[in-house]
Amino acid sequence: MKKSLFIFFITLTAFGFQNLNAQSFPNRDASPMDLAIARPSKNAPPLARVIYSRPEKNGRDIFGGLVPYNEVWRTGANEATELTTYEPLMFGKTLLQPGSYTLYTIPNSDSWTIIINSETNAWGAFNYQKEKDVARIEVPCVQAVAPIETLSMIFKTDNKGTVLLIGWDDHYVEIPFKRI
């Protein structure tokens, strides 16, 4: 009897400690968050940064399908893409002051409208408010030389400013920001 009670106690204790020490972390996000930073040189202060979620193509029709043409898109998945500028930058004819913005886009087959909006911390484009637009420009949509499986953003930076490249599926756009 004592032996049975002892084994029962040990078993109960082992399972109890296992549950106390186990952590419940969620699975990896299907569209993980990423960021890109624009720096004129490796040790220079940043000019700009984007934080975005990276959905994958997974055999889907992207532009004109999953991402409809002529509709405001959050430019990624999950939360809308966040753009932070660290110094004044020209975006088209608009001077962007340092700060955080939301970067929305309206894709089309041959060009995209790029929108800088003052509303931040937005999930998706469901609550997009045109009256909060700071600036808009139109940029050509270019055919990529190779398919881009995962939405990707990168900055090309020089002394004159930076260009944000956004590529996915078989297209990409270049968005210029000029230093003043």
# chains A, B, ... in the order shown; residues from 1 in each chain; ligands from 1
$ residues_around --residues "region 107-110 of chain A" --least-positions-apart "5" --cutoff "10 Å" --atoms "only C-alpha atoms" --output "MDAnalysis selection string"
chainID A and resid 63:64 67:73 75 138:143 171 173
$ residues_around --residues "region 25-40 of chain A" --least-positions-apart "6" --cutoff "7 Å" --atoms "only C-alpha atoms" --output "list in words"
Pro46, Leu47, Ala48, Arg49, Val50, Ile51, Tyr52, Ser53, Arg54, Pro55, Ala77, Met153, Ile154, Phe155, Thr157, Asp158, Asn159 and Thr162 of chain A
$ write_last_selection --atoms "N, CA and C atoms" --output "mmCIF file, in the first residue's frame"
data_model
loop_
_atom_site.group_PDB
_atom_site.id
_atom_site.type_symbol
_atom_site.label_atom_id
_atom_site.label_comp_id
_atom_site.auth_asym_id
_atom_site.auth_seq_id
_atom_site.Cartn_x
_atom_site.Cartn_y
_atom_site.Cartn_z
ATOM 1 N N PRO A 46 19.840 56.311 -39.113
ATOM 2 C CA PRO A 46 18.873 55.931 -40.145
ATOM 3 C C PRO A 46 18.125 57.126 -40.723
ATOM 4 N N LEU A 47 17.716 56.973 -41.986
ATOM 5 C CA LEU A 47 16.842 57.957 -42.643
ATOM 6 C C LEU A 47 15.376 57.565 -42.456
ATOM 7 N N ALA A 48 15.130 56.254 -42.603
ATOM 8 C CA ALA A 48 13.754 55.764 -42.548
ATOM 9 C C ALA A 48 13.746 54.285 -42.176
ATOM 10 N N ARG A 49 12.546 53.818 -41.809
ATOM 11 C CA ARG A 49 12.371 52.401 -41.452
ATOM 12 C C ARG A 49 10.943 52.002 -41.810
ATOM 13 N N VAL A 50 10.770 50.770 -42.289
ATOM 14 C CA VAL A 50 9.432 50.207 -42.466
ATOM 15 C C VAL A 50 9.322 48.939 -41.630
ATOM 16 N N ILE A 51 8.165 48.753 -41.023
ATOM 17 C CA ILE A 51 7.836 47.525 -40.305
ATOM 18 C C ILE A 51 6.595 46.975 -40.997
ATOM 19 N N TYR A 52 6.686 45.708 -41.422
ATOM 20 C CA TYR A 52 5.600 45.123 -42.207
ATOM 21 C C TYR A 52 5.534 43.619 -41.963
ATOM 22 N N SER A 53 4.428 43.008 -42.324
ATOM 23 C CA SER A 53 4.286 41.551 -42.245
ATOM 24 C C SER A 53 4.429 40.969 -43.641
ATOM 25 N N ARG A 54 5.069 39.778 -43.718
ATOM 26 C CA ARG A 54 5.498 39.193 -44.989
ATOM 27 C C ARG A 54 4.673 37.966 -45.387
ATOM 28 N N PRO A 55 3.546 38.178 -46.070
ATOM 29 C CA PRO A 55 2.792 37.018 -46.544
ATOM 30 C C PRO A 55 3.534 36.305 -47.674
ATOM 31 N N ALA A 77 0.557 42.009 -44.631
ATOM 32 C CA ALA A 77 -0.493 41.252 -43.936
ATOM 33 C C ALA A 77 -0.618 41.801 -42.516
ATOM 34 N N MET A 153 10.607 43.943 -48.705
ATOM 35 C CA MET A 153 10.895 45.381 -48.775
ATOM 36 C C MET A 153 12.351 45.595 -48.427
ATOM 37 N N ILE A 154 12.979 46.499 -49.169
ATOM 38 C CA ILE A 154 14.382 46.840 -48.927
ATOM 39 C C ILE A 154 14.602 48.282 -49.385
ATOM 40 N N PHE A 155 15.525 48.957 -48.719
ATOM 41 C CA PHE A 155 15.890 50.313 -49.108
ATOM 42 C C PHE A 155 17.185 50.296 -49.907
ATOM 43 N N THR A 157 19.905 53.135 -50.591
ATOM 44 C CA THR A 157 20.177 54.453 -50.037
ATOM 45 C C THR A 157 21.481 55.023 -50.568
ATOM 46 N N ASP A 158 21.479 56.340 -50.817
ATOM 47 C CA ASP A 158 22.701 57.071 -51.160
ATOM 48 C C ASP A 158 22.623 58.444 -50.496
ATOM 49 N N ASN A 159 23.547 59.338 -50.850
ATOM 50 C CA ASN A 159 23.574 60.663 -50.215
ATOM 51 C C ASN A 159 22.376 61.535 -50.572
ATOM 52 N N THR A 162 16.742 57.917 -50.347
ATOM 53 C CA THR A 162 16.561 56.473 -50.346
ATOM 54 C C THR A 162 15.382 56.096 -51.218
#
$ atom_distance --atom1 "CA of Trp123 (chain A)" --atom2 "CA of Lys156 (chain A)"
27.2 Å
$ select_by_dssp --residues "chain A" --states "strand (DSSP E or B)" --output "PyMOL selection string"
chain A and resi 33-38+48-53+56+63+67+73+79+81-85+89-91+94-96+99-107+111-117+123+133-158+161-179
$ residues_around --residues "region 112-116 of chain A" --least-positions-apart "5" --cutoff "6 Å" --atoms "only C-alpha atoms" --output "PyMOL selection string"
chain A and resi 102-107+133-139
$ write_last_selection --atoms "C-alpha atoms" --output "short mmCIF file (atom, residue, chain, number, x, y, z; two decimals), in the first residue's frame"
data_model
loop_
_atom_site.label_atom_id
_atom_site.label_comp_id
_atom_site.auth_asym_id
_atom_site.auth_seq_id
_atom_site.Cartn_x
_atom_site.Cartn_y
_atom_site.Cartn_z
CA THR A 102 1.10 54.26 -42.25
CA LEU A 103 2.10 53.27 -45.77
CA TYR A 104 -0.86 52.14 -47.85
CA THR A 105 -0.82 51.30 -51.55
CA ILE A 106 -3.36 50.97 -54.34
CA PRO A 107 -1.91 48.40 -56.76
CA ASP A 133 -3.55 61.16 -46.13
CA VAL A 134 -0.39 63.25 -45.88
CA ALA A 135 0.71 62.60 -49.47
CA ARG A 136 0.19 60.37 -52.51
CA ILE A 137 2.36 59.62 -55.51
CA GLU A 138 2.07 57.20 -58.39
CA VAL A 139 4.98 54.93 -59.31
#
$ residues_around --residues "Tyr101 (chain A)" --least-positions-apart "6" --cutoff "6 Å" --atoms "only C-alpha atoms" --output "list in words"
Glu82, Leu83, Asn117, Ser118 and Thr120 of chain A
$ residues_around --residues "Gly59 (chain A)" --least-positions-apart "5" --cutoff "12 Å" --atoms "only C-alpha atoms" --output "number ranges by chain"
A: 65-66, 147-150, 169
$ closest_residue --among "A:Leu165, A:Lys132, A:Pro88, A:Asp170" --to "Val145 (chain A)" --atoms "only C-alpha atoms"
A:Asp170
$ residues_around --residues "Leu95 (chain A)" --least-positions-apart "4" --cutoff "10 Å" --atoms "only C-alpha atoms" --output "MDAnalysis selection string"
chainID A and resid 88:91 134:135 177:180
$ write_last_selection --atoms "all heavy atoms" --output "compact mmCIF listing (two decimals), in the first residue's frame"
# COMPACT_ATOMS: atom_id res chain seq x y z
N PRO A 88 13.66 65.09 -42.13
CA PRO A 88 12.73 65.52 -43.17
C PRO A 88 13.12 64.91 -44.53
O PRO A 88 14.28 64.93 -44.92
CB PRO A 88 12.90 67.05 -43.19
CG PRO A 88 13.49 67.39 -41.86
CD PRO A 88 14.34 66.21 -41.48
N LEU A 89 12.13 64.35 -45.23
CA LEU A 89 12.35 63.74 -46.53
C LEU A 89 11.26 64.20 -47.49
O LEU A 89 10.09 64.33 -47.10
CB LEU A 89 12.32 62.21 -46.45
CG LEU A 89 13.39 61.54 -45.62
CD1 LEU A 89 13.09 60.04 -45.46
CD2 LEU A 89 14.77 61.73 -46.25
N MET A 90 11.63 64.43 -48.73
CA MET A 90 10.65 64.77 -49.76
C MET A 90 10.05 63.48 -50.30
O MET A 90 10.76 62.54 -50.67
CB MET A 90 11.30 65.56 -50.91
CG MET A 90 11.71 66.97 -50.54
SD MET A 90 10.37 68.03 -49.95
CE MET A 90 9.35 68.18 -51.41
N PHE A 91 8.74 63.46 -50.35
CA PHE A 91 7.98 62.35 -50.93
C PHE A 91 7.12 62.98 -52.01
O PHE A 91 6.12 63.63 -51.70
CB PHE A 91 7.15 61.67 -49.84
CG PHE A 91 6.24 60.59 -50.35
CD1 PHE A 91 6.75 59.36 -50.71
CD2 PHE A 91 4.87 60.80 -50.45
CE1 PHE A 91 5.92 58.35 -51.17
CE2 PHE A 91 4.03 59.79 -50.90
CZ PHE A 91 4.56 58.58 -51.26
N VAL A 134 -1.37 62.17 -45.91
CA VAL A 134 -0.39 63.25 -45.88
C VAL A 134 0.07 63.53 -47.31
O VAL A 134 0.27 64.68 -47.69
CB VAL A 134 0.80 62.87 -44.97
CG1 VAL A 134 1.90 63.90 -45.03
CG2 VAL A 134 0.32 62.64 -43.55
N ALA A 135 0.24 62.46 -48.09
CA ALA A 135 0.71 62.60 -49.47
C ALA A 135 0.42 61.33 -50.26
O ALA A 135 0.28 60.24 -49.68
CB ALA A 135 2.21 62.89 -49.50
N PHE A 177 12.36 58.65 -51.80
CA PHE A 177 12.35 59.63 -50.72
C PHE A 177 13.65 60.42 -50.86
O PHE A 177 14.74 59.82 -50.84
CB PHE A 177 12.31 58.96 -49.34
CG PHE A 177 11.06 58.16 -49.10
CD1 PHE A 177 10.98 56.82 -49.47
CD2 PHE A 177 9.96 58.75 -48.48
CE1 PHE A 177 9.84 56.08 -49.23
CE2 PHE A 177 8.81 58.00 -48.26
CZ PHE A 177 8.74 56.67 -48.63
N LYS A 178 13.57 61.73 -50.99
CA LYS A 178 14.76 62.55 -51.20
C LYS A 178 15.11 63.34 -49.95
O LYS A 178 14.23 63.87 -49.26
CB LYS A 178 14.53 63.53 -52.36
CG LYS A 178 14.13 62.85 -53.65
CD LYS A 178 15.08 63.18 -54.74
CE LYS A 178 14.65 62.65 -56.07
NZ LYS A 178 14.82 61.30 -56.31
N ARG A 179 16.42 63.42 -49.67
CA ARG A 179 16.89 64.26 -48.57
C ARG A 179 16.80 65.72 -49.00
O ARG A 179 16.95 66.04 -50.17
CB ARG A 179 18.34 63.93 -48.23
CG ARG A 179 18.50 62.54 -47.65
CD ARG A 179 19.93 62.24 -47.39
NE ARG A 179 20.18 62.44 -45.97
CZ ARG A 179 21.28 62.10 -45.35
NH1 ARG A 179 22.28 61.55 -46.03
NH2 ARG A 179 21.44 62.29 -44.06
N ILE A 180 16.58 66.60 -48.03
CA ILE A 180 16.52 68.03 -48.36
C ILE A 180 17.77 68.74 -47.87
O ILE A 180 18.53 68.24 -47.09
CB ILE A 180 15.27 68.71 -47.78
CG1 ILE A 180 15.19 68.50 -46.27
CG2 ILE A 180 14.04 68.15 -48.45
CD1 ILE A 180 14.15 69.36 -45.62
$ select_by_dssp --residues "chain A" --states "helix (DSSP H, G or I)" --output "list in words"
Lys2, Lys3, Ser4, Leu5, Phe6, Ile7, Phe8, Phe9, Ile10, Thr11, Leu12, Thr13, Ala14, Phe15, Gly16, Phe17, Gln18, Asn19, Leu20, Asn21, Lys130, Glu131 and Lys132 of chain A
$ atom_distance --atom1 "CA of Glu119 (chain A)" --atom2 "CA of Ala80 (chain A)"
10.1 Å
